Amino acid sequence: MYRKEVNAQSPLRILERSIHGGLGKGNLGVVMARAGVGKTAFLVQIGLDDLMQEKDVLHVALGQSLEHVQSWYDGLFDDMARDTNLEDRDAVRASVAKRRVIQAYSETRLAPEQLEKVVALYTQHLGINPSVILVDGCEWDDDVVAHAADLGAYKALARRLGAELWMTAQTHRHTAGVHPTRIPEPCSAYEKVIDVAVFLEPHDHLVRVRILKDHDNPNVDETHLELEPDTLQLVSDDKIVGPASMPARAYTLLSGGANGAEAEFGALAEEYGLTEINYSFAGRTTARSRGVVELSEAELKQGEVSGAYVEAQLHRQFPKTPQFRKMLQTIWHQVNTAGQVFVVGMILPDNTVNGGTGWAAELAKHFGKPVHVYDQEKKGWFTWTGKEWKTEEQPKVNRTRFTGTGTRFLSDEGKTAIRALFQASFGNPPVKNQG
């Protein structure tokens with residue numbers, strides 16, 4: 001391939017689409033992960049992508065040697081050149097080296113004035129005008145007020161330069177968990193100044209790339225990107241060589257924990273070892289106690305939709321109580337970050353799904369997410385094509401975050417359908433230890 005073809009097919013184009021056009025000049029993106037997961041490799045590939053577009057890059061390495069960072073650039077460039085059969089790779093390598101500046105420090109804190117001096121030095125003497133500034137190894141467990149001021153100063157500098165700013169941050173398993181849905185510590189204290197948050201989530205055979213914040217967009221997309229386990233190359237998930245699926249524990253059920261279909265989804269998630277998140281609100285009792293997330297008033301308002309709009313979409317009347325309004329708002333949270341939506345109920349002649357949880361199916365349609373409905377009357381699965389419901393064979397869960405919801409009046413057939421969905425997706429449930 002020629003250089004332009006490599007650029008066009010880069011996995012970074014997928015990331016740009018996932019965050020609605022990219023990070024943006026003067027904005028701050030943070031790559032978060034536990035130690036040793038691949039933060040440096042991810043940051044280097046952001047730099048390489050700009051370098052391949054003949055843009056200048058400033059890479060600041062804190063607590064690392066220049067040779068260490070250089071080796072990452074060399075190795076990842078070689079892997080990319082080999083995999084794409086890059087034409088004129090020696091000339092491209094020379095061009096990349098010419099436009100890249102690596103500044104290494106033994107300290108793990110970078111004063112804003114230091115960064116300004118570095119930029120001024122290379123701009124004046126080498127004519128380097130960075131389109132992206134990468135800061136790797138920064139210490140975040142510091143004085144919050146002082147560090148927030150530093151971040152603001154970094155962003156102001158990036159804005160003046162017309163550059164993007166990417167940084168890394170180390171998280172810890174005991175505070176972030178294995179599958180966070182919000183920006184974890186220590187970065188949570190700086191959420192207002194972070195524009196894009198990327199979390200690298202390790203599994204047995206790969207590292208999943210997840211978006212935890214996308215500017216001010218309430219709908220956070222799945223990236224379908226992963227770090228290849230051996231080289232830590234960024235690839236789309238359909239190009240991973242190895243096991244066809246991840247273990248069940250890598251998946252997260254998003255639900256509401258109510259009696260009926262939601263309780264059955266939750267019970268099977270627990271049986272199979274999936275992470276379970278049940279969105280609720282103060283004063284509501286759930287049938288499921290595992291994974292309950294009580295949403296604040298501010299979080300509930302993110303899913304605010306007028307009752308008139310809901311009734312217009314679903315073509316029927318609903319209770320106009322605060323309790324029911326909050327229930328609809330929790331359904332928005334169930335669907336918002338899901339990659340797939342599964343609903344058990346009944347499809348009505350107007351193509352809506354019965355009951356309040358039919359709102360989940362309508363939201364999935366609106367967001368363009370794959371939605372599957374098990375119709376308890378017709379005793380079969382249906383999927384939305386964009387125009388109509390079409391019968392389908394046994395669906396499978398193929399997104400790591402999926403919604404499971406439906407009617408409170410779960411039939412035996414509906415219960416069997418939910419179990420069959422889990423078995424088709426994850427195999428037989430793990431055998432319980434009798435010891």
# chains A, B, ... in the order shown; residues from 1 in each chain; ligands from 1
$ closest_atom_pairs --of "segment 159-199 of chain A" --to "segment 127-143 of chain A" --cutoff "7 Å" --atoms "only C-alpha atoms" --output "Markdown table"
| residue | atom | partner | partner_atom | distance |
| --- | --- | --- | --- | --- |
| A:Gly162 | CA | A:Ser131 | CA | 6.7 |
| A:Ala163 | CA | A:Ser131 | CA | 4.4 |
| A:Glu164 | CA | A:Val132 | CA | 4.6 |
| A:Leu165 | CA | A:Ile133 | CA | 4.9 |
| A:Trp166 | CA | A:Leu134 | CA | 4.9 |
| A:Met167 | CA | A:Val135 | CA | 4.7 |
| A:Thr168 | CA | A:Asp136 | CA | 5.2 |
| A:Ala169 | CA | A:Trp140 | CA | 6.7 |
| A:Pro186 | CA | A:Asp141 | CA | 6.2 |
$ residues_around --residues "Arg288 of chain A" --least-positions-apart "6" --cutoff "8 Å" --atoms "only C-alpha atoms" --output "PyMOL selection string"
chain A and resi 257-258+263+266+278
$ atom_distance --atom1 "atom CA of Gly26 of chain A" --atom2 "atom CA of Leu66 of chain A"
25.8 Å
$ residues_around --residues "Glu388 of chain A" --least-positions-apart "5" --cutoff "10 Å" --atoms "only C-alpha atoms" --output "list in words"
Asp350, Asn351, Phe382 and Thr383 of chain A
$ closest_residue --among "A:Leu121, A:Leu62, A:Ala176, A:Leu212" --to "Glu191 of chain A" --atoms "only C-alpha atoms"
A:Leu212
$ closest_residue --among "A:Pro430, A:Leu295, A:Val373, A:Ser255" --to "Thr405 of chain A" --atoms "only C-alpha atoms"
A:Ser255
$ closest_residue --among "A:His174, A:Arg100, A:Arg109, A:Arg89" --to "Asp56 of chain A" --atoms "only C-alpha atoms"
A:Arg100
$ closest_residue --among "A:Ala269, A:Leu200, A:Ala361, A:Val178" --to "Leu421 of chain A" --atoms "only C-alpha atoms"
A:Ala269
$ atom_distance --atom1 "atom CA of Gly368 of chain A" --atom2 "atom CA of Lys387 of chain A"
11.9 Å
$ select_by_dssp --residues "segment 101-294 of chain A" --states "helix (DSSP H, G or I)" --output "VMD selection string"
chain A and resid 112 to 126 144 to 161 173 to 176 187 to 190 237 to 239 248 to 250 261 to 272
$ residues_around --residues "Ala8 of chain A" --least-positions-apart "4" --cutoff "12 Å" --atoms "only C-alpha atoms" --output "PyMOL selection string"
chain A and resi 1-4+12-14+16+49-50+52-53+84
$ residues_around --residues "segment 332-345 of chain A" --least-positions-apart "6" --cutoff "8 Å" --atoms "only C-alpha atoms" --output "MDAnalysis selection string"
chainID A and resid 218:222 254:256 261 279 303 353:355 357:358 360:361 363:364 369:376 397:407 410 414
$ residues_around --residues "segment 21-23 of chain A" --least-positions-apart "5" --cutoff "8 Å" --atoms "only C-alpha atoms" --output "list in words"
Leu15, Glu16, Leu28, Gly29, Glu164, Asp195 and Val196 of chain A
$ select_by_dssp --residues "segment 118-296 of chain A" --states "strand (DSSP E)" --output "JSON, numbers by chain"
{"A": [130, 131, 132, 133, 134, 135, 136, 164, 165, 166, 167, 168, 169, 170, 196, 197, 198, 199, 200, 201, 202, 207, 208, 209, 210, 211, 212, 213, 214, 225, 226, 227, 234, 235, 236, 252, 253, 254, 255, 275, 276, 277, 278, 279, 280, 281, 292, 293, 294, 295]}
$ closest_residue --among "A:Glu107, A:Glu262, A:Glu271, A:Glu5" --to "Val431 of chain A" --atoms "only C-alpha atoms"
A:Glu271
$ residues_around --residues "Asp150 of chain A" --least-positions-apart "6" --cutoff "10 Å" --atoms "only C-alpha atoms" --output "list in words"
Arg109, Leu110, Ala111, Pro112, Glu113, Val144 and Ala156 of chain A
